[in-house]
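Participant: This is the structure I want to talk about, given as structure tokens.
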Amino acid sequence: MGQENLSIYPFEVIYTDGTRSNHSQEGKTIWGVMFCNRGISLQSSPDILFDEAQKYCQGIKVGKKTCTCGDKSFWEQVIRQGKAKIAELNAFIEALGGTPLKGRIWTKDTYRSDDAWINFFNEEIGLSYGNRADYYVKARPIV
């Protein structure tokens with residue numbers, strides 16, 4: 001009987017085939033980390049406009065599920081976890097070879113016709129909004 005890496009991850013991971021586990025699975029590629037009951041991609045896009053961000057995320061599938069930029073309520077839930085928990089999540093994402101949640105990240109929700117919600121993961125964390133056609137912001141696929 002072969003010994004797989006039986007170390008327990010601090011967060012459940014989601015693989016490219018859509019399966020989830022709290023430890024390494026041989027022959028599978030980790031796509032993201034489960035947090036607040038959703039999968040967050042290990043990688044984000046370059047800085048892009050809102051409409052491009054939506055297309056970018058919708059162009060990615062994990063298993064049979066199509067990604068989004070994550071709705072405002074999901075990101076509010078992430079933010080409510082607090083800086084310490086987000087720092088722990090970011091450390092794990094980086095350990096897996098990903099890029100941490102930092103800077104500005106689009107949500108999938110609009111604020112008004114010209115504006116959309118943006119997450120801020122800087123010294124302060126929170127939500128604000130910006131012009132969909134003027135702000136170049138990262139997209140982070142969520143499943």
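Residues are named by chain letter and number: chains run A, B, ... in the order of the structure tokens, numbers start at 1 in each chain, and ligands are numbered from 1 in the order shown.
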As JSON, numbers by chain, please: every residue in chain A that DSSP puts in alpha helix (DSSP H).
Facilitator: {"A": [50, 51, 52, 53, 54, 55, 56, 57, 58, 72, 73, 74, 75, 76, 77, 78, 79, 80, 83, 84, 85, 86, 87, 88, 89, 90, 91, 92, 93, 94, 95]}
Participant: Env of range 87-104 of chain A: 6 Å cut, atoms = only C-alpha atoms, seq-sep filter 4 positions within chain, self excluded. Answer as a list in words.
Facilitator: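 Near range 87-104 of chain A, the qualifying residues are Leu42, Gln43, Lys83, Asn119, Phe120, Phe121, Asn122 and Val137 of chain A.
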Participant: Using only C-alpha atoms, what table do you get, as CSV, when you list each residue of range 38-69 of chain A with an atom no more than 10 Å from range 127-132 of chain A, its nearest pair of atoms, and their distance in Å rounded to one decimal, rows by chain then rising number?
Facilitator:
residue,atom,partner,partner_atom,distance
A:Ile48,CA,A:Arg132,CA,9.8
A:Leu49,CA,A:Arg132,CA,6.2
A:Phe50,CA,A:Arg132,CA,5.0
A:Asp51,CA,A:Arg132,CA,7.3
A:Glu52,CA,A:Arg132,CA,9.7
A:Ala53,CA,A:Arg132,CA,10.0
Participant: DSSP on the backbone, then: every residue of range 7-141 of chain A marked strand (DSSP E), written as a PyMOL selection string.
Facilitator: chain A and resi 8-15+20-23+30-35+38-41+61-62+65-66+103-112+115-121+125-131
Participant: Find the residues around Thr66 in chain A up to 8 Å (only C-alpha atoms counted), leave out those fewer than 6 positions away in its own chain, and share them as a PyMOL selection string.
Facilitator: chain A and resi 57-60+143
Participant: May I have the selected residues written with N, CA, C and O atoms, as a PDB file, in the first residue's frame?
Facilitator:
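Generated output (result-v9.pdb):
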ATOM      1  N   CYS A  57     -13.410  35.121 -16.079  1.00  0.00           N
ATOM      2  CA  CYS A  57     -13.827  34.119 -15.098  1.00  0.00           C
ATOM      3  C   CYS A  57     -14.785  33.104 -15.696  1.00  0.00           C
ATOM      4  O   CYS A  57     -14.665  31.901 -15.454  1.00  0.00           O
ATOM      5  N   GLN A  58     -15.742  33.560 -16.511  1.00  0.00           N
ATOM      6  CA  GLN A  58     -16.717  32.648 -17.109  1.00  0.00           C
ATOM      7  C   GLN A  58     -16.074  31.706 -18.118  1.00  0.00           C
ATOM      8  O   GLN A  58     -16.648  30.678 -18.456  1.00  0.00           O
ATOM      9  N   GLY A  59     -14.880  32.024 -18.572  1.00  0.00           N
ATOM     10  CA  GLY A  59     -14.168  31.158 -19.498  1.00  0.00           C
ATOM     11  C   GLY A  59     -13.432  30.018 -18.818  1.00  0.00           C
ATOM     12  O   GLY A  59     -12.785  29.203 -19.478  1.00  0.00           O
ATOM     13  N   ILE A  60     -13.525  29.943 -17.496  1.00  0.00           N
ATOM     14  CA  ILE A  60     -12.818  28.913 -16.729  1.00  0.00           C
ATOM     15  C   ILE A  60     -13.831  27.956 -16.114  1.00  0.00           C
ATOM     16  O   ILE A  60     -14.809  28.376 -15.506  1.00  0.00           O
ATOM     17  N   VAL A 143     -15.540  29.483  -7.805  1.00  0.00           N
ATOM     18  CA  VAL A 143     -16.473  28.412  -8.189  1.00  0.00           C
ATOM     19  C   VAL A 143     -17.206  27.912  -6.950  1.00  0.00           C
ATOM     20  O   VAL A 143     -16.725  28.031  -5.842  1.00  0.00           O
TER      21      VAL A 143
END
Participant: Check the smallest atom-to-atom distance from each of A:Arg20, A:Lys65, A:Lys72, A:Arg38 to Thr110 in chain A using only C-alpha atoms, then report the winner.
Facilitator: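 Among the listed residues, A:Lys72 lies closest to Thr110 in chain A.
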Participant: Find the distance between CA of Pro10 in chain A and CA of Thr29 in chain A and write it in Å to one decimal.
Facilitator: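 Separating CA of Pro10 in chain A from CA of Thr29 in chain A is a distance of 17.4 Å.
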